[in-house]
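The structure file coords_6.pdb is reproduced below (PDB, C-alpha atoms).
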ATOM      1  CA  MET A   3       5.247-106.908  20.197
ATOM      2  CA  THR A   4       1.811-107.212  18.624
ATOM      3  CA  ALA A   5       0.294-106.817  22.061
ATOM      4  CA  ILE A   6       2.247-103.613  22.646
ATOM      5  CA  VAL A   7       1.280-102.210  19.236
ATOM      6  CA  GLN A   8      -2.303-103.162  19.926
ATOM      7  CA  SER A   9      -2.399-101.497  23.329
ATOM      8  CA  VAL A  10      -0.711 -98.378  21.964
ATOM      9  CA  SER A  11      -3.243 -98.041  19.148
ATOM     10  CA  GLN A  12      -6.037 -98.794  21.585
ATOM     11  CA  SER A  13      -4.967 -96.063  23.981
ATOM     12  CA  LYS A  14      -4.540 -93.728  20.995
ATOM     13  CA  SER A  15      -8.107 -94.307  19.887
ATOM     14  CA  GLN A  16      -9.259 -93.818  23.472
ATOM     15  CA  LEU A  17      -7.434 -90.497  23.631
ATOM     16  CA  LEU A  18      -9.128 -89.512  20.375
ATOM     17  CA  SER A  19     -12.526 -90.376  21.859
ATOM     18  CA  ILE A  20     -11.769 -88.264  24.925
ATOM     19  CA  ALA A  21     -10.592 -85.330  22.791
ATOM     20  CA  PHE A  22     -13.602 -85.567  20.484
ATOM     21  CA  ALA A  23     -16.025 -85.685  23.415
ATOM     22  CA  ALA A  24     -14.372 -82.666  25.027
ATOM     23  CA  ILE A  25     -14.667 -80.682  21.786
ATOM     24  CA  LEU A  26     -18.334 -81.644  21.506
ATOM     25  CA  GLY A  27     -18.910 -80.522  25.105
ATOM     26  CA  LEU A  28     -17.223 -77.183  24.372
ATOM     27  CA  LEU A  29     -19.408 -76.757  21.300
ATOM     28  CA  ILE A  30     -22.552 -77.278  23.388
ATOM     29  CA  ILE A  31     -21.308 -74.701  25.911
ATOM     30  CA  TYR A  32     -20.555 -72.267  23.097
ATOM     31  CA  ILE A  33     -23.954 -72.633  21.420
ATOM     32  CA  ALA A  34     -26.059 -72.673  24.587
ATOM     33  CA  GLY A  35     -24.003 -70.161  26.520
ATOM     34  CA  HIS A  36     -22.243 -67.783  24.160
ATOM     35  CA  ALA A  37     -23.581 -67.776  20.571
ATOM     36  CA  GLN A  38     -25.253 -64.451  19.824
ATOM     37  CA  SER A  39     -28.163 -65.307  17.542
ATOM     38  CA  GLN A  40     -31.134 -63.201  18.653
ATOM     39  CA  MET A  41     -33.341 -66.246  19.237
ATOM     40  CA  LEU A  42     -30.725 -68.197  21.188
ATOM     41  CA  HIS A  43     -29.871 -65.157  23.242
ATOM     42  CA  GLU A  44     -33.472 -64.535  24.273
ATOM     43  CA  ALA A  45     -34.209 -68.169  25.060
ATOM     44  CA  ALA A  46     -31.047 -68.704  27.080
ATOM     45  CA  HIS A  47     -30.909 -65.195  28.559
ATOM     46  CA  ASP A  48     -31.723 -65.947  32.208
ATOM     47  CA  VAL A  49     -29.534 -69.044  32.396
ATOM     48  CA  ARG A  50     -26.607 -67.234  30.799
ATOM     49  CA  HIS A  51     -26.784 -64.574  33.491
ATOM     50  CA  ALA A  52     -27.269 -67.075  36.318
ATOM     51  CA  THR A  53     -24.400 -69.249  35.046
ATOM     52  CA  GLY A  54     -22.014 -66.312  34.980
ATOM     53  CA  PHE A  55     -21.503 -66.197  31.213
ATOM     54  CA  PRO A  56     -20.891 -62.804  29.664
ATOM     55  CA  CYS A  57     -24.296 -61.792  28.248
ATOM     56  CA  HIS A  58     -25.570 -58.666  26.363
TER      57      HIS A  58
ATOM     58  CA  MET B  20     -15.275 -95.165  24.968
ATOM     59  CA  PHE B  21     -16.974 -92.315  23.119
ATOM     60  CA  SER B  22     -20.467 -93.680  23.712
ATOM     61  CA  ARG B  23     -19.606 -94.255  27.372
ATOM     62  CA  ILE B  24     -18.780 -90.552  27.737
ATOM     63  CA  MET B  25     -21.930 -89.526  25.872
ATOM     64  CA  VAL B  26     -24.342 -91.783  27.782
ATOM     65  CA  SER B  27     -22.999 -90.931  31.235
ATOM     66  CA  GLY B  28     -22.722 -87.267  30.210
ATOM     67  CA  LEU B  29     -26.339 -87.131  29.076
ATOM     68  CA  PHE B  30     -27.642 -88.739  32.254
ATOM     69  CA  SER B  31     -25.597 -86.706  34.704
ATOM     70  CA  GLY B  32     -25.947 -83.495  32.672
ATOM     71  CA  ALA B  33     -29.729 -83.757  32.364
ATOM     72  CA  LEU B  34     -30.165 -84.568  36.051
ATOM     73  CA  GLY B  35     -27.634 -81.980  37.197
ATOM     74  CA  GLY B  36     -29.206 -79.433  34.840
ATOM     75  CA  ILE B  37     -32.671 -79.998  36.283
ATOM     76  CA  ILE B  38     -31.367 -79.546  39.835
ATOM     77  CA  ALA B  39     -29.391 -76.451  38.828
ATOM     78  CA  GLY B  40     -32.383 -75.100  36.897
ATOM     79  CA  PHE B  41     -34.723 -75.344  39.866
ATOM     80  CA  LEU B  42     -32.171 -73.885  42.264
ATOM     81  CA  GLN B  43     -31.583 -70.990  39.863
ATOM     82  CA  TRP B  44     -35.302 -70.448  39.422
ATOM     83  CA  TYR B  45     -35.865 -70.282  43.175
ATOM     84  CA  PHE B  46     -32.785 -68.371  44.303
ATOM     85  CA  VAL B  47     -31.381 -66.434  41.346
ATOM     86  CA  GLN B  48     -34.312 -65.643  39.071
ATOM     87  CA  PRO B  49     -36.164 -63.362  41.568
ATOM     88  CA  VAL B  50     -33.040 -61.208  41.893
ATOM     89  CA  LEU B  51     -32.754 -61.063  38.099
ATOM     90  CA  LEU B  52     -36.426 -60.099  37.682
ATOM     91  CA  HIS B  53     -36.002 -57.413  40.325
ATOM     92  CA  SER B  54     -32.980 -55.983  38.549
ATOM     93  CA  GLU B  55     -34.783 -55.940  35.216
ATOM     94  CA  LEU B  56     -37.184 -53.352  36.665
ATOM     95  CA  TYR B  57     -34.173 -51.052  37.003
ATOM     96  CA  GLU B  58     -32.722 -52.099  33.652
ATOM     97  CA  ALA B  59     -36.018 -51.163  31.965
ATOM     98  CA  GLY B  60     -36.268 -47.907  33.912
ATOM     99  CA  ILE B  61     -39.500 -48.883  35.679
ATOM    100  CA  LEU B  62     -37.647 -48.303  38.937
ATOM    101  CA  THR B  63     -34.775 -45.874  39.464
ATOM    102  CA  HIS B  64     -32.583 -45.440  42.475
ATOM    103  CA  PHE B  65     -30.749 -42.172  42.316
ATOM    104  CA  VAL B  66     -30.447 -39.565  45.021
ATOM    105  CA  GLY B  67     -33.831 -38.562  46.383
ATOM    106  CA  THR B  68     -35.706 -41.711  45.373
ATOM    107  CA  SER B  69     -36.604 -44.463  47.770
ATOM    108  CA  ASN B  70     -38.049 -47.718  46.466
ATOM    109  CA  SER B  71     -39.365 -50.734  48.253
ATOM    110  CA  ALA B  72     -36.729 -53.484  48.249
ATOM    111  CA  HIS B  73     -39.555 -55.980  47.720
ATOM    112  CA  PRO B  74     -41.571 -55.024  44.651
ATOM    113  CA  ASP B  75     -44.238 -57.329  43.235
ATOM    114  CA  LEU B  76     -42.565 -59.690  40.790
ATOM    115  CA  GLU B  77     -43.998 -62.226  38.416
ATOM    116  CA  TYR B  78     -42.206 -65.251  39.837
ATOM    117  CA  ILE B  79     -43.794 -67.896  37.620
ATOM    118  CA  GLN B  80     -43.602 -67.446  33.848
ATOM    119  CA  PRO B  81     -44.075 -70.912  32.299
ATOM    120  CA  MET B  82     -42.599 -70.187  28.854
ATOM    121  CA  ARG B  83     -39.607 -68.276  30.112
ATOM    122  CA  ASP B  84     -38.913 -70.648  33.013
ATOM    123  CA  GLY B  85     -39.343 -73.709  30.784
ATOM    124  CA  LEU B  86     -36.779 -72.383  28.309
ATOM    125  CA  SER B  87     -34.415 -71.640  31.187
ATOM    126  CA  LEU B  88     -34.746 -75.206  32.446
ATOM    127  CA  ILE B  89     -34.034 -76.635  28.975
ATOM    128  CA  PHE B  90     -30.960 -74.455  28.535
ATOM    129  CA  SER B  91     -29.776 -75.274  32.027
ATOM    130  CA  MET B  92     -29.950 -78.981  31.108
ATOM    131  CA  LEU B  93     -28.105 -78.285  27.849
ATOM    132  CA  ILE B  94     -25.314 -76.315  29.485
ATOM    133  CA  TYR B  95     -24.822 -78.835  32.279
ATOM    134  CA  THR B  96     -24.796 -81.667  29.721
ATOM    135  CA  GLY B  97     -21.986 -79.871  27.909
ATOM    136  CA  TYR B  98     -20.173 -79.466  31.211
ATOM    137  CA  ALA B  99     -20.750 -83.111  32.154
ATOM    138  CA  ILE B 100     -19.324 -84.363  28.847
ATOM    139  CA  ILE B 101     -16.158 -82.307  29.325
ATOM    140  CA  LEU B 102     -15.892 -83.320  32.991
ATOM    141  CA  ILE B 103     -16.282 -87.022  32.213
ATOM    142  CA  ALA B 104     -13.758 -86.797  29.377
ATOM    143  CA  ALA B 105     -11.301 -85.303  31.878
ATOM    144  CA  MET B 106     -12.139 -87.994  34.451
ATOM    145  CA  LEU B 107     -11.441 -90.738  31.908
ATOM    146  CA  LEU B 108      -8.167 -89.127  30.904
ATOM    147  CA  ARG B 109      -7.139 -89.198  34.549
ATOM    148  CA  GLU B 110      -8.359 -92.759  35.026
ATOM    149  CA  GLN B 111      -6.181 -93.848  32.102
ATOM    150  CA  GLU B 112      -3.138 -92.003  33.403
ATOM    151  CA  SER B 113      -3.460 -93.263  36.962
ATOM    152  CA  GLU B 114      -5.088 -96.647  36.246
ATOM    153  CA  THR B 115      -7.650 -96.081  39.002
ATOM    154  CA  ASN B 116     -11.392 -95.464  39.044
ATOM    155  CA  ILE B 117     -12.969 -92.273  40.306
ATOM    156  CA  THR B 118     -15.475 -92.835  43.100
ATOM    157  CA  PHE B 119     -18.677 -90.910  43.779
ATOM    158  CA  HIS B 120     -17.054 -88.916  46.575
ATOM    159  CA  GLN B 121     -14.004 -88.105  44.489
ATOM    160  CA  GLY B 122     -16.467 -87.075  41.794
ATOM    161  CA  ILE B 123     -17.804 -84.388  44.114
ATOM    162  CA  ILE B 124     -14.259 -82.989  44.438
ATOM    163  CA  TRP B 125     -14.008 -83.043  40.623
ATOM    164  CA  GLY B 126     -17.291 -81.142  40.506
ATOM    165  CA  VAL B 127     -16.075 -78.491  42.953
ATOM    166  CA  SER B 128     -12.934 -78.143  40.820
ATOM    167  CA  GLY B 129     -15.141 -77.709  37.752
ATOM    168  CA  PHE B 130     -17.013 -74.975  39.600
ATOM    169  CA  PHE B 131     -13.707 -73.280  40.321
ATOM    170  CA  VAL B 132     -12.708 -73.475  36.655
ATOM    171  CA  VAL B 133     -15.866 -72.165  34.967
ATOM    172  CA  HIS B 134     -17.557 -70.090  37.699
ATOM    173  CA  LEU B 135     -15.286 -68.873  40.456
ATOM    174  CA  ALA B 136     -12.067 -68.216  38.537
ATOM    175  CA  PRO B 137     -13.701 -66.083  35.798
ATOM    176  CA  ALA B 138     -15.775 -64.344  38.507
ATOM    177  CA  ILE B 139     -12.626 -63.119  40.259
ATOM    178  CA  SER B 140     -12.287 -60.471  37.542
ATOM    179  CA  LEU B 141     -15.624 -60.724  35.690
ATOM    180  CA  PRO B 142     -18.362 -61.181  38.301
ATOM    181  CA  PRO B 143     -21.702 -62.702  37.264
ATOM    182  CA  GLU B 144     -23.620 -59.795  35.736
ATOM    183  CA  VAL B 145     -27.166 -58.977  36.689
ATOM    184  CA  PRO B 146     -29.108 -57.299  33.847
ATOM    185  CA  GLY B 147     -28.668 -53.554  34.187
ATOM    186  CA  VAL B 148     -24.980 -53.217  35.036
ATOM    187  CA  ALA B 149     -22.329 -51.542  32.916
ATOM    188  CA  THR B 150     -20.035 -53.905  31.020
ATOM    189  CA  ALA B 151     -17.297 -53.855  28.397
ATOM    190  CA  GLU B 152     -17.836 -55.127  24.849
ATOM    191  CA  LEU B 153     -19.400 -58.584  24.828
ATOM    192  CA  GLN B 154     -17.008 -60.293  22.423
ATOM    193  CA  LEU B 155     -13.953 -59.248  24.394
ATOM    194  CA  ARG B 156     -15.502 -60.567  27.595
ATOM    195  CA  GLN B 157     -16.366 -63.892  25.936
ATOM    196  CA  ILE B 158     -12.809 -64.333  24.640
ATOM    197  CA  TRP B 159     -11.456 -63.495  28.086
ATOM    198  CA  TRP B 160     -13.914 -65.953  29.677
ATOM    199  CA  PHE B 161     -12.850 -68.861  27.445
ATOM    200  CA  ALA B 162      -9.149 -68.059  27.834
ATOM    201  CA  THR B 163      -9.499 -67.857  31.618
ATOM    202  CA  THR B 164     -11.347 -71.162  31.947
ATOM    203  CA  LEU B 165      -8.803 -72.959  29.736
ATOM    204  CA  LEU B 166      -5.816 -71.523  31.629
ATOM    205  CA  THR B 167      -7.452 -72.268  34.996
ATOM    206  CA  ALA B 168      -8.255 -75.837  33.976
ATOM    207  CA  GLY B 169      -4.659 -76.369  32.842
ATOM    208  CA  GLY B 170      -3.248 -74.793  35.994
ATOM    209  CA  LEU B 171      -5.508 -76.780  38.289
ATOM    210  CA  TRP B 172      -4.684 -80.027  36.470
ATOM    211  CA  ILE B 173      -0.951 -79.416  36.976
ATOM    212  CA  ILE B 174      -1.442 -78.584  40.674
ATOM    213  CA  ALA B 175      -3.688 -81.603  41.266
ATOM    214  CA  PHE B 176      -1.690 -84.260  39.456
ATOM    215  CA  THR B 177       1.950 -83.308  39.729
ATOM    216  CA  GLU B 178       4.344 -84.239  42.497
ATOM    217  CA  LYS B 179       7.016 -81.673  41.692
ATOM    218  CA  GLY B 180       6.950 -78.491  43.750
ATOM    219  CA  SER B 181       8.312 -76.371  40.886
ATOM    220  CA  ARG B 182       5.400 -77.347  38.648
ATOM    221  CA  PHE B 183       3.021 -76.185  41.370
ATOM    222  CA  ILE B 184       4.289 -72.650  40.735
ATOM    223  CA  ILE B 185       3.592 -73.018  37.009
ATOM    224  CA  GLY B 186       0.021 -74.132  37.793
ATOM    225  CA  ALA B 187      -0.547 -71.193  40.123
ATOM    226  CA  ALA B 188       0.892 -68.795  37.520
ATOM    227  CA  LEU B 189      -1.513 -70.108  34.864
ATOM    228  CA  ILE B 190      -4.472 -69.551  37.189
ATOM    229  CA  LEU B 191      -3.379 -66.021  38.145
ATOM    230  CA  ALA B 192      -2.257 -64.878  34.672
ATOM    231  CA  PRO B 193      -5.659 -63.824  33.255
ATOM    232  CA  HIS B 194      -6.334 -61.723  36.356
ATOM    233  CA  ILE B 195      -2.953 -60.046  36.176
ATOM    234  CA  ILE B 196      -3.617 -59.244  32.508
ATOM    235  CA  GLY B 197      -7.099 -58.123  33.574
ATOM    236  CA  ALA B 198     -10.624 -58.644  32.287
ATOM    237  CA  PRO B 199     -12.285 -56.215  29.881
ATOM    238  CA  GLU B 200     -13.924 -53.502  31.990
ATOM    239  CA  PRO B 201     -16.430 -50.787  31.078
ATOM    240  CA  ASP B 202     -14.986 -47.318  30.438
ATOM    241  CA  ILE B 203     -17.756 -45.610  32.359
ATOM    242  CA  PHE B 204     -20.369 -46.775  34.845
ATOM    243  CA  THR B 205     -23.848 -46.421  33.443
ATOM    244  CA  GLY B 206     -25.556 -49.386  35.094
ATOM    245  CA  PRO B 207     -28.899 -48.418  36.612
ATOM    246  CA  ALA B 208     -29.155 -51.452  38.972
ATOM    247  CA  PRO B 209     -28.625 -50.862  42.726
ATOM    248  CA  THR B 210     -25.411 -52.321  44.097
ATOM    249  CA  GLU B 211     -27.401 -54.383  46.641
ATOM    250  CA  ILE B 212     -29.072 -56.293  43.815
ATOM    251  CA  GLY B 213     -25.832 -56.740  41.877
ATOM    252  CA  ALA B 214     -24.019 -58.122  44.917
ATOM    253  CA  LEU B 215     -26.821 -60.502  45.876
ATOM    254  CA  PHE B 216     -27.074 -61.721  42.297
ATOM    255  CA  ALA B 217     -23.352 -62.457  42.038
ATOM    256  CA  SER B 218     -23.166 -64.335  45.324
ATOM    257  CA  ARG B 219     -26.372 -66.272  44.633
ATOM    258  CA  ALA B 220     -25.178 -67.242  41.132
ATOM    259  CA  LEU B 221     -21.851 -68.454  42.548
ATOM    260  CA  GLY B 222     -23.413 -70.285  45.498
ATOM    261  CA  ILE B 223     -25.940 -72.101  43.344
ATOM    262  CA  GLY B 224     -23.170 -72.840  40.852
ATOM    263  CA  LEU B 225     -21.111 -74.493  43.597
ATOM    264  CA  ILE B 226     -23.990 -76.692  44.767
ATOM    265  CA  SER B 227     -24.932 -77.640  41.208
ATOM    266  CA  TRP B 228     -21.381 -78.493  40.216
ATOM    267  CA  ALA B 229     -20.763 -80.577  43.348
ATOM    268  CA  MET B 230     -23.831 -82.615  42.402
ATOM    269  CA  LEU B 231     -22.801 -82.763  38.760
ATOM    270  CA  GLY B 232     -19.391 -84.135  39.745
ATOM    271  CA  GLY B 233     -20.873 -86.847  41.961
ATOM    272  CA  LEU B 234     -23.464 -87.789  39.347
ATOM    273  CA  SER B 235     -20.849 -87.868  36.584
ATOM    274  CA  ALA B 236     -18.607 -90.242  38.536
ATOM    275  CA  PHE B 237     -21.623 -92.392  39.423
ATOM    276  CA  PHE B 238     -22.902 -92.745  35.845
ATOM    277  CA  LEU B 239     -19.395 -93.169  34.443
ATOM    278  CA  LYS B 240     -18.794 -96.073  36.831
ATOM    279  CA  LYS B 241     -22.130 -97.622  35.856
ATOM    280  CA  GLU B 242     -21.362 -97.309  32.150
ATOM    281  CA  THR B 243     -17.825 -98.676  32.615
ATOM    282  CA  MET B 244     -19.166-101.715  34.485
ATOM    283  CA  ARG B 245     -21.715-102.278  31.733
ATOM    284  CA  ALA B 246     -19.033-102.012  29.015
ATOM    285  CA  THR B 247     -16.609-104.424  30.748
ATOM    286  CA  PRO B 248     -18.637-107.318  32.176
TER     287      PRO B 248
END

With the file now loaded, output its structure as structure tokens.
Amino acid sequence: MTAIVQSVSQSKSQLLSIAFAAILGLLIIYIAGHAQSQMLHEAAHDVRHATGFPCH
Amino acid sequence: MFSRIMVSGLFSGALGGIIAGFLQWYFVQPVLLHSELYEAGILTHFVGTSNSAHPDLEYIQPMRDGLSLIFSMLIYTGYAIILIAAMLLREQESETNITFHQGIIWGVSGFFVVHLAPAISLPPEVPGVATAELQLRQIWWFATTLLTAGGLWIIAFTEKGSRFIIGAALILAPHIIGAPEPDIFTGPAPTEIGALFASRALGIGLISWAMLGGLSAFFLKKETMRATP
């Protein structure tokens, strides 16, 4: 019983880690690829176009 | 678990980003620079004008190219983190490990999700083409990648034939709804440049993602072996 509870809570925390990492990855993509601050846009301009993100 | 994703994501993303950055600089950037001459009005291509298809371009611009390389590494690190998170989710579900070669397939699938699927209705834009409002296109882009990822996941990991139809419907839905399109065409760039840019961007994307997938699986395996001696 304890073992089952333990493995359930372990897999829950692993799922949380996976979800948190995915959100962090999305955030990086948003900031580097989509955020529209003038400075970010100019610095990332060429890559945004080449990576197929909507730009301008 | 979290640190495993981060470490392998940073390694594979940085390496994949460098490779992608150089490929983009060599194959995509010249087309972009060429198009910018039309965007800025330095060259025009309406009836009665004939321009050389090979103008002098400033191929090496250290500041600009350096920033592009950094952002390429950043973007591919973001992609790698998401890809590895998805790989781990699958490894937990199936209780197997993803090999380097399977990683390449994961990478090609990632390419399909974030490059090819959105490009079906919203092709990679060279500077100097007409487009709809930016925010609408960004929303459509995110929605399309999420739906495509979900659809592809269902198709890849389900045995039931009926679910296959659901996966296909998710992938097709954003294109049936349609991407935001410009009301009028005002883009000054020649169609030859626009077409070459789109196919180059997609081709380089495919190569880069295939490498990213292999690298991600490789570093994930290394980190997993280190974590469980």

To one decimal in Å, tell me the separation between CA of Ile94 in chain B and CA of Gly32 in chain B.
7.9 Å

Using all atoms listed in the file, I'd like a table of the residues in range 89-136 of chain B that come within 8 Å of range 19-40 of chain A; for each, show the closest atom pair and its distance in Å rounded to one decimal, ordered by chain and ascending number, as a Markdown table.
| residue | atom | partner | partner_atom | distance |
| --- | --- | --- | --- | --- |
| B:Phe90 | CA | A:Ala34 | CA | 6.5 |
| B:Leu93 | CA | A:Ala34 | CA | 6.8 |
| B:Ile94 | CA | A:Ile31 | CA | 5.6 |
| B:Thr96 | CA | A:Gly27 | CA | 7.6 |
| B:Gly97 | CA | A:Gly27 | CA | 4.2 |
| B:Tyr98 | CA | A:Gly27 | CA | 6.3 |
| B:Ala99 | CA | A:Gly27 | CA | 7.7 |
| B:Ile100 | CA | A:Gly27 | CA | 5.4 |
| B:Ile101 | CA | A:Ala24 | CA | 4.7 |
| B:Ala104 | CA | A:Ile20 | CA | 5.1 |
| B:Ala105 | CA | A:Ile20 | CA | 7.6 |
| B:Leu107 | CA | A:Ile20 | CA | 7.4 |
| B:Leu108 | CA | A:Ile20 | CA | 7.0 |

Please identify all residues of chain B having at least one atom at most 9 Å from any atom of chain A, considering only C-alpha atoms, and return them as an mmCIF file with C-alpha atoms, keeping the file's coordinate frame.
data_model
loop_
_atom_site.group_PDB
_atom_site.id
_atom_site.type_symbol
_atom_site.label_atom_id
_atom_site.label_comp_id
_atom_site.auth_asym_id
_atom_site.auth_seq_id
_atom_site.Cartn_x
_atom_site.Cartn_y
_atom_site.Cartn_z
ATOM 1 C CA MET B 20 -15.275 -95.165 24.968
ATOM 2 C CA PHE B 21 -16.974 -92.315 23.119
ATOM 3 C CA SER B 22 -20.467 -93.680 23.712
ATOM 4 C CA ILE B 24 -18.780 -90.552 27.737
ATOM 5 C CA MET B 25 -21.930 -89.526 25.872
ATOM 6 C CA GLY B 40 -32.383 -75.100 36.897
ATOM 7 C CA GLN B 43 -31.583 -70.990 39.863
ATOM 8 C CA VAL B 47 -31.381 -66.434 41.346
ATOM 9 C CA GLN B 48 -34.312 -65.643 39.071
ATOM 10 C CA LEU B 51 -32.754 -61.063 38.099
ATOM 11 C CA ARG B 83 -39.607 -68.276 30.112
ATOM 12 C CA ASP B 84 -38.913 -70.648 33.013
ATOM 13 C CA LEU B 86 -36.779 -72.383 28.309
ATOM 14 C CA SER B 87 -34.415 -71.640 31.187
ATOM 15 C CA LEU B 88 -34.746 -75.206 32.446
ATOM 16 C CA ILE B 89 -34.034 -76.635 28.975
ATOM 17 C CA PHE B 90 -30.960 -74.455 28.535
ATOM 18 C CA SER B 91 -29.776 -75.274 32.027
ATOM 19 C CA LEU B 93 -28.105 -78.285 27.849
ATOM 20 C CA ILE B 94 -25.314 -76.315 29.485
ATOM 21 C CA TYR B 95 -24.822 -78.835 32.279
ATOM 22 C CA THR B 96 -24.796 -81.667 29.721
ATOM 23 C CA GLY B 97 -21.986 -79.871 27.909
ATOM 24 C CA TYR B 98 -20.173 -79.466 31.211
ATOM 25 C CA ALA B 99 -20.750 -83.111 32.154
ATOM 26 C CA ILE B 100 -19.324 -84.363 28.847
ATOM 27 C CA ILE B 101 -16.158 -82.307 29.325
ATOM 28 C CA LEU B 102 -15.892 -83.320 32.991
ATOM 29 C CA ILE B 103 -16.282 -87.022 32.213
ATOM 30 C CA ALA B 104 -13.758 -86.797 29.377
ATOM 31 C CA ALA B 105 -11.301 -85.303 31.878
ATOM 32 C CA LEU B 107 -11.441 -90.738 31.908
ATOM 33 C CA LEU B 108 -8.167 -89.127 30.904
ATOM 34 C CA GLN B 111 -6.181 -93.848 32.102
ATOM 35 C CA VAL B 133 -15.866 -72.165 34.967
ATOM 36 C CA HIS B 134 -17.557 -70.090 37.699
ATOM 37 C CA PRO B 137 -13.701 -66.083 35.798
ATOM 38 C CA ALA B 138 -15.775 -64.344 38.507
ATOM 39 C CA LEU B 141 -15.624 -60.724 35.690
ATOM 40 C CA PRO B 142 -18.362 -61.181 38.301
ATOM 41 C CA PRO B 143 -21.702 -62.702 37.264
ATOM 42 C CA GLU B 144 -23.620 -59.795 35.736
ATOM 43 C CA VAL B 145 -27.166 -58.977 36.689
ATOM 44 C CA PRO B 146 -29.108 -57.299 33.847
ATOM 45 C CA THR B 150 -20.035 -53.905 31.020
ATOM 46 C CA GLU B 152 -17.836 -55.127 24.849
ATOM 47 C CA LEU B 153 -19.400 -58.584 24.828
ATOM 48 C CA GLN B 154 -17.008 -60.293 22.423
ATOM 49 C CA ARG B 156 -15.502 -60.567 27.595
ATOM 50 C CA GLN B 157 -16.366 -63.892 25.936
ATOM 51 C CA TRP B 160 -13.914 -65.953 29.677
ATOM 52 C CA PHE B 216 -27.074 -61.721 42.297
ATOM 53 C CA ALA B 217 -23.352 -62.457 42.038
ATOM 54 C CA ARG B 219 -26.372 -66.272 44.633
ATOM 55 C CA ALA B 220 -25.178 -67.242 41.132
ATOM 56 C CA LEU B 221 -21.851 -68.454 42.548
ATOM 57 C CA ILE B 223 -25.940 -72.101 43.344
ATOM 58 C CA GLY B 224 -23.170 -72.840 40.852
#

Name the closest residue to Gly197 in chain B among the candidates B:Ile139, B:Leu165, B:Ile117, B:Leu234; distances are taken between atoms, counting all atoms listed in the file.
B:Ile139

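If you look at CA of Ile123 in chain B and CA of Met230 in chain B, they are 6.5 Å away from each other.
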
Can you work out the spacing between CA of Phe119 in chain B and CA of Ile173 in chain B in Å, to one decimal?
22.2 Å

Leaving out Phe130 in chain B and any residue of its chain fewer than 4 positions from it, which residues lie within 9 Å of it when counting all atoms listed in the file, given as a PyMOL selection string?
chain B and resi 125-126+134-136+221+224-229

Please provide as a list in words all residues within 12 Å of Leu189 in chain B, with the sequence filter that same-chain residues fewer than 3 positions apart are discarded (counting all atoms listed in the file).
Val132, Ala136, Ala162, Thr163, Thr164, Leu165, Leu166, Thr167, Ala168, Gly169, Gly170, Leu171, Trp172, Ile173, Ile174, Arg182, Phe183, Ile184, Ile185, Gly186, Ala192, Pro193, His194, Ile195 and Ile196 of chain B
